[in-house]
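A.B. asks: Got start38.pdb for you, PDB, C-alpha atoms and all ligand atoms:
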```
ATOM      1  CA  MET A   1     134.266 116.518  94.954
ATOM      2  CA  ALA A   2     135.239 115.024  91.664
ATOM      3  CA  GLY A   3     135.049 117.453  88.802
ATOM      4  CA  SER A   4     135.046 120.409  91.114
ATOM      5  CA  PHE A   5     138.645 121.591  90.960
ATOM      6  CA  ARG A   6     137.248 124.473  88.996
ATOM      7  CA  SER A   7     138.293 127.378  91.147
ATOM      8  CA  GLY A   8     139.858 128.143  94.435
ATOM      9  CA  TYR A   9     143.489 128.293  93.441
ATOM     10  CA  HIS A  10     145.367 131.091  95.155
ATOM     11  CA  ALA A  11     148.741 132.021  93.775
ATOM     12  CA  GLY A  12     151.882 132.011  95.813
ATOM     13  CA  LEU A  13     151.024 129.420  98.421
ATOM     14  CA  ARG A  14     153.538 126.876  97.204
ATOM     15  CA  LEU A  15     155.300 125.661  94.110
ATOM     16  CA  ALA A  16     152.730 123.553  92.322
ATOM     17  CA  HIS A  17     153.539 120.117  90.946
ATOM     18  CA  ILE A  18     151.518 118.237  88.385
ATOM     19  CA  LYS A  19     152.111 114.604  87.571
ATOM     20  CA  ILE A  20     151.301 113.722  83.977
ATOM     21  CA  HIS A  21     151.660 110.118  82.949
ATOM     22  CA  ARG A  22     154.202 109.660  80.184
ATOM     23  CA  LYS A  23     151.605 108.100  77.914
ATOM     24  CA  VAL A  24     149.401 111.189  78.348
ATOM     25  CA  ILE A  25     152.302 113.519  77.475
ATOM     26  CA  GLY A  26     152.814 111.473  74.313
ATOM     27  CA  GLU A  27     149.121 111.679  73.418
ATOM     28  CA  MET A  28     149.108 115.440  73.932
ATOM     29  CA  ILE A  29     152.114 115.938  71.645
ATOM     30  CA  ALA A  30     150.563 113.618  69.039
ATOM     31  CA  HIS A  31     147.347 115.663  69.117
ATOM     32  CA  ALA A  32     149.268 118.919  68.713
ATOM     33  CA  LEU A  33     151.224 117.551  65.728
ATOM     34  CA  GLU A  34     148.067 116.200  64.065
ATOM     35  CA  GLU A  35     146.316 119.574  64.213
ATOM     36  CA  ASP A  36     149.362 121.667  63.332
ATOM     37  CA  PRO A  37     149.227 124.498  62.162
ATOM     38  CA  LEU A  38     145.912 124.791  64.010
ATOM     39  CA  GLU A  39     145.842 124.819  67.790
ATOM     40  CA  CYS A  40     144.517 121.700  69.475
ATOM     41  CA  CYS A  41     142.848 121.580  72.874
ATOM     42  CA  GLY A  42     141.501 119.163  75.418
ATOM     43  CA  VAL A  43     141.447 118.150  79.039
ATOM     44  CA  LEU A  44     143.619 115.964  81.245
ATOM     45  CA  LEU A  45     141.645 113.945  83.755
ATOM     46  CA  GLY A  46     142.476 112.346  87.046
ATOM     47  CA  SER A  47     142.978 113.752  90.509
ATOM     48  CA  GLU A  48     143.693 117.347  91.422
ATOM     49  CA  THR A  49     147.433 116.943  90.794
ATOM     50  CA  GLU A  50     147.772 113.759  88.719
ATOM     51  CA  ALA A  51     146.659 113.478  85.094
ATOM     52  CA  ARG A  52     145.960 109.886  84.168
ATOM     53  CA  ARG A  53     144.148 110.243  80.874
ATOM     54  CA  LEU A  54     143.355 112.696  78.152
ATOM     55  CA  GLU A  55     140.249 113.651  76.244
ATOM     56  CA  ARG A  56     140.527 115.648  73.052
ATOM     57  CA  ILE A  57     138.061 118.484  72.656
ATOM     58  CA  ARG A  58     137.245 120.146  69.361
ATOM     59  CA  ASN A  59     138.647 123.630  68.913
ATOM     60  CA  VAL A  60     135.702 125.750  67.763
ATOM     61  CA  SER A  61     137.538 129.074  67.649
ATOM     62  CA  GLU A  62     137.171 131.063  64.424
ATOM     63  CA  ASP A  63     140.925 131.659  64.427
ATOM     64  CA  ARG A  64     142.322 128.241  65.199
ATOM     65  CA  GLU A  65     145.864 129.118  64.152
ATOM     66  CA  ARG A  66     146.079 131.536  67.055
ATOM     67  CA  ARG A  67     143.295 130.721  69.483
ATOM     68  CA  TYR A  68     141.442 127.873  71.024
ATOM     69  CA  SER A  69     137.931 127.628  72.282
ATOM     70  CA  MET A  70     136.765 124.279  73.566
ATOM     71  CA  ASP A  71     133.496 122.971  72.149
ATOM     72  CA  PRO A  72     131.172 123.556  75.137
ATOM     73  CA  LEU A  73     129.142 120.389  74.575
ATOM     74  CA  GLU A  74     132.207 118.190  74.312
ATOM     75  CA  GLN A  75     133.675 119.888  77.362
ATOM     76  CA  ALA A  76     130.498 119.302  79.388
ATOM     77  CA  ALA A  77     130.415 115.663  78.269
ATOM     78  CA  ALA A  78     134.037 115.186  79.333
ATOM     79  CA  GLU A  79     133.236 116.712  82.738
ATOM     80  CA  GLN A  80     130.263 114.387  83.141
ATOM     81  CA  ARG A  81     132.335 111.325  82.264
ATOM     82  CA  ALA A  82     134.986 112.472  84.730
ATOM     83  CA  ASP A  83     132.371 112.937  87.458
ATOM     84  CA  ALA A  84     130.923 109.504  86.775
ATOM     85  CA  ALA A  85     134.398 107.983  87.068
ATOM     86  CA  GLY A  86     135.131 109.825  90.311
ATOM     87  CA  GLU A  87     137.707 111.986  88.553
ATOM     88  CA  GLY A  88     138.135 115.666  87.920
ATOM     89  CA  ILE A  89     139.728 117.923  85.353
ATOM     90  CA  THR A  90     143.384 118.073  86.323
ATOM     91  CA  ALA A  91     144.374 120.339  83.473
ATOM     92  CA  ILE A  92     143.248 122.084  80.336
ATOM     93  CA  TYR A  93     145.754 121.733  77.514
ATOM     94  CA  HIS A  94     146.246 123.422  74.185
ATOM     95  CA  SER A  95     148.977 123.890  71.649
ATOM     96  CA  HIS A  96     150.808 126.919  70.350
ATOM     97  CA  THR A  97     152.005 126.329  66.840
ATOM     98  CA  TYR A  98     153.905 129.595  66.364
ATOM     99  CA  THR A  99     154.726 130.734  69.881
ATOM    100  CA  GLN A 100     156.321 129.500  73.068
ATOM    101  CA  ALA A 101     154.662 127.199  75.604
ATOM    102  CA  TYR A 102     153.469 130.069  77.769
ATOM    103  CA  PRO A 103     149.872 131.283  78.280
ATOM    104  CA  SER A 104     149.062 134.234  76.016
ATOM    105  CA  LYS A 105     147.244 137.306  77.314
ATOM    106  CA  THR A 106     144.095 135.888  75.720
ATOM    107  CA  ASP A 107     144.647 132.525  77.421
ATOM    108  CA  VAL A 108     144.944 134.254  80.792
ATOM    109  CA  ARG A 109     141.910 136.459  80.200
ATOM    110  CA  ASN A 110     139.821 133.462  79.114
ATOM    111  CA  ALA A 111     140.894 131.438  82.150
ATOM    112  CA  VAL A 112     139.938 134.259  84.509
ATOM    113  CA  ASN A 113     136.663 135.086  82.740
ATOM    114  CA  SER A 114     135.571 131.446  82.558
ATOM    115  CA  MET A 115     136.531 130.981  86.230
ATOM    116  CA  TRP A 116     138.472 127.864  85.246
ATOM    117  CA  THR A 117     141.352 128.686  87.556
ATOM    118  CA  GLY A 118     141.329 125.405  89.455
ATOM    119  CA  PRO A 119     142.915 123.151  86.837
ATOM    120  CA  PHE A 120     146.455 123.478  85.586
ATOM    121  CA  TYR A 121     147.034 124.898  82.127
ATOM    122  CA  VAL A 122     149.323 122.767  80.007
ATOM    123  CA  LEU A 123     150.845 124.212  76.850
ATOM    124  CA  VAL A 124     152.487 122.339  74.006
ATOM    125  CA  SER A 125     154.680 124.480  71.764
ATOM    126  CA  LEU A 126     155.529 123.386  68.241
ATOM    127  CA  VAL A 127     157.868 126.257  67.503
ATOM    128  CA  GLU A 128     160.517 123.589  67.010
ATOM    129  CA  LYS A 129     158.569 120.851  65.236
ATOM    130  CA  THR A 130     161.093 118.163  66.009
ATOM    131  CA  ARG A 131     161.264 119.100  69.656
ATOM    132  CA  PRO A 132     157.812 119.917  71.064
ATOM    133  CA  VAL A 133     157.946 121.653  74.439
ATOM    134  CA  VAL A 134     155.416 120.909  77.186
ATOM    135  CA  ARG A 135     155.037 123.250  80.172
ATOM    136  CA  ALA A 136     152.405 123.574  82.891
ATOM    137  CA  PHE A 137     151.068 126.637  84.689
ATOM    138  CA  ARG A 138     148.575 127.806  87.211
ATOM    139  CA  ILE A 139     146.529 130.887  86.445
ATOM    140  CA  SER A 140     145.145 132.569  89.538
ATOM    141  CA  ASP A 141     141.739 134.220  89.852
ATOM    142  CA  SER A 142     143.514 137.548  89.411
ATOM    143  CA  GLY A 143     145.369 136.403  86.292
ATOM    144  CA  GLU A 144     148.753 135.725  87.838
ATOM    145  CA  VAL A 145     150.661 133.032  85.928
ATOM    146  CA  THR A 146     152.938 130.651  87.854
ATOM    147  CA  GLU A 147     154.846 127.817  86.243
ATOM    148  CA  ALA A 148     154.336 124.394  87.768
ATOM    149  CA  VAL A 149     156.769 121.493  87.862
ATOM    150  CA  ILE A 150     155.796 118.545  85.671
ATOM    151  CA  THR A 151     156.629 115.120  86.986
ATOM    152  CA  THR A 152     155.866 111.916  85.194
ATOM    153  CA  ASP A 153     156.042 108.195  85.882
ATOM    154  CA  GLY A 154     159.225 107.789  87.823
ATOM    155  CA  ARG A 155     161.359 110.730  86.821
ATOM    156  CA  ALA A 156     161.041 114.445  86.190
ATOM    157  CA  TYR A 157     159.861 115.496  82.773
ATOM    158  CA  ARG A 158     162.261 117.755  80.895
ATOM    159  CA  SER A 159     161.204 119.217  77.601
TER     160      SER A 159
HETATM  161 ZN    ZN B   1     147.226 129.820  73.927
END
```
Here is the file; what I need is its structure written in the form of structure tokens.
Ligand SMILES: [Zn+2]
C.D. replies:
Amino acid sequence: MAGSFRSGYHAGLRLAHIKIHRKVIGEMIAHALEEDPLECCGVLLGSETEARRLERIRNVSEDRERRYSMDPLEQAAAEQRADAAGEGITAIYHSHTYTQAYPSKTDVRNAVNSMWTGPFYVLVSLVEKTRPVVRAFRISDSGEVTEAVITTDGRAYRS
């Protein structure tokens, strides 16, 4: 079912791959740089393993330099549009402006508590402003973090 990649990921079955179109990677980095030093967030839409487009979602956290919290109405609207288009949420992305592109303890806890363990988690780090780093992960229902391989149009993505 489109839009229903929400849960059901079990860690350790296989090395996960996510394809993110180059244009989408560019849009994600642009979003992160625009919001810097605040964290940006949003969703990547497409199939279960291929992100074809991006929707920005407002970060409504009270501490946006360190946290993100997706506006629930915007998130629901994005899910509805994805459903209508026969798509699903491939990934949830956000930026880290002071830390590495790795899910924080809070990120992991939020993923587990929200039961959004189906999509990938994509992190953009701006620790080096001139060289943003993009990495993707799966977060299991039990909070286990596994890095996924990012591929893009044609060749492997290396950040
Ligand atoms: Zn984070």
A.B. asks: Lys23 (chain A): which residues within 10 Å, counting all atoms listed in the file, same-chain residues fewer than 3 positions away excluded, as a list in words?
C.D. replies: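 Here the answer would be Ile20, Gly26, Glu27, Met28, Arg52, Arg53, Leu54, Thr152 and Asp153 of chain A.
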A.B. asks: Give the residue list for ligand ZN 1 (chain B) at 8 Å, counting only C-alpha atoms and all ligand atoms, as a PDB file with C-alpha atoms, in the coordinates of the input, sorted by chain and then by residue number.
C.D. replies:
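New file result-v7.pdb:
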```
ATOM      1  CA  ARG A  66     146.079 131.536  67.055  1.00  0.00           C
ATOM      2  CA  ARG A  67     143.295 130.721  69.483  1.00  0.00           C
ATOM      3  CA  TYR A  68     141.442 127.873  71.024  1.00  0.00           C
ATOM      4  CA  HIS A  94     146.246 123.422  74.185  1.00  0.00           C
ATOM      5  CA  SER A  95     148.977 123.890  71.649  1.00  0.00           C
ATOM      6  CA  HIS A  96     150.808 126.919  70.350  1.00  0.00           C
ATOM      7  CA  TYR A 102     153.469 130.069  77.769  1.00  0.00           C
ATOM      8  CA  PRO A 103     149.872 131.283  78.280  1.00  0.00           C
ATOM      9  CA  SER A 104     149.062 134.234  76.016  1.00  0.00           C
ATOM     10  CA  THR A 106     144.095 135.888  75.720  1.00  0.00           C
ATOM     11  CA  ASP A 107     144.647 132.525  77.421  1.00  0.00           C
ATOM     12  CA  LEU A 123     150.845 124.212  76.850  1.00  0.00           C
TER      13      LEU A 123
END
```
A.B. asks: Set the distance at 12 Å and use only C-alpha atoms: which residues neighbour Leu126 (chain A) once local chain neighbours fewer than 4 positions away are removed? I'd like the list as a ChimeraX atom specification.
C.D. replies: /A:28-40,65,94-102,130-135,159
A.B. asks: Name the residues within 7 Å of (143.8, 120.1, 93.2), counting only C-alpha atoms in the file's coordinates, and put them as a list in words.
C.D. replies: Phe5, Ser47, Glu48, Thr49 and Gly118 of chain A
A.B. asks: What is the CA of Arg56 (chain A) to CA of Val122 (chain A) distance in Å?
C.D. replies: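 Between CA of Arg56 (chain A) and CA of Val122 (chain A) the gap works out to 13.3 Å.
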A.B. asks: Which one is closest to Ala82 (chain A): A:Met70, A:Val43, A:Lys105, A:Arg64? Count all atoms listed in the file.
C.D. replies: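 For Ala82 (chain A), the nearest of the given residues is A:Val43.
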A.B. asks: Could you spell out the hits of the PyMOL selection byres (((chain A and resi 116) around 9) and not hetatm) on the shown file, as a ChimeraX atom specification?
C.D. replies: /A:5-7,92,110-115,117-119,139,141
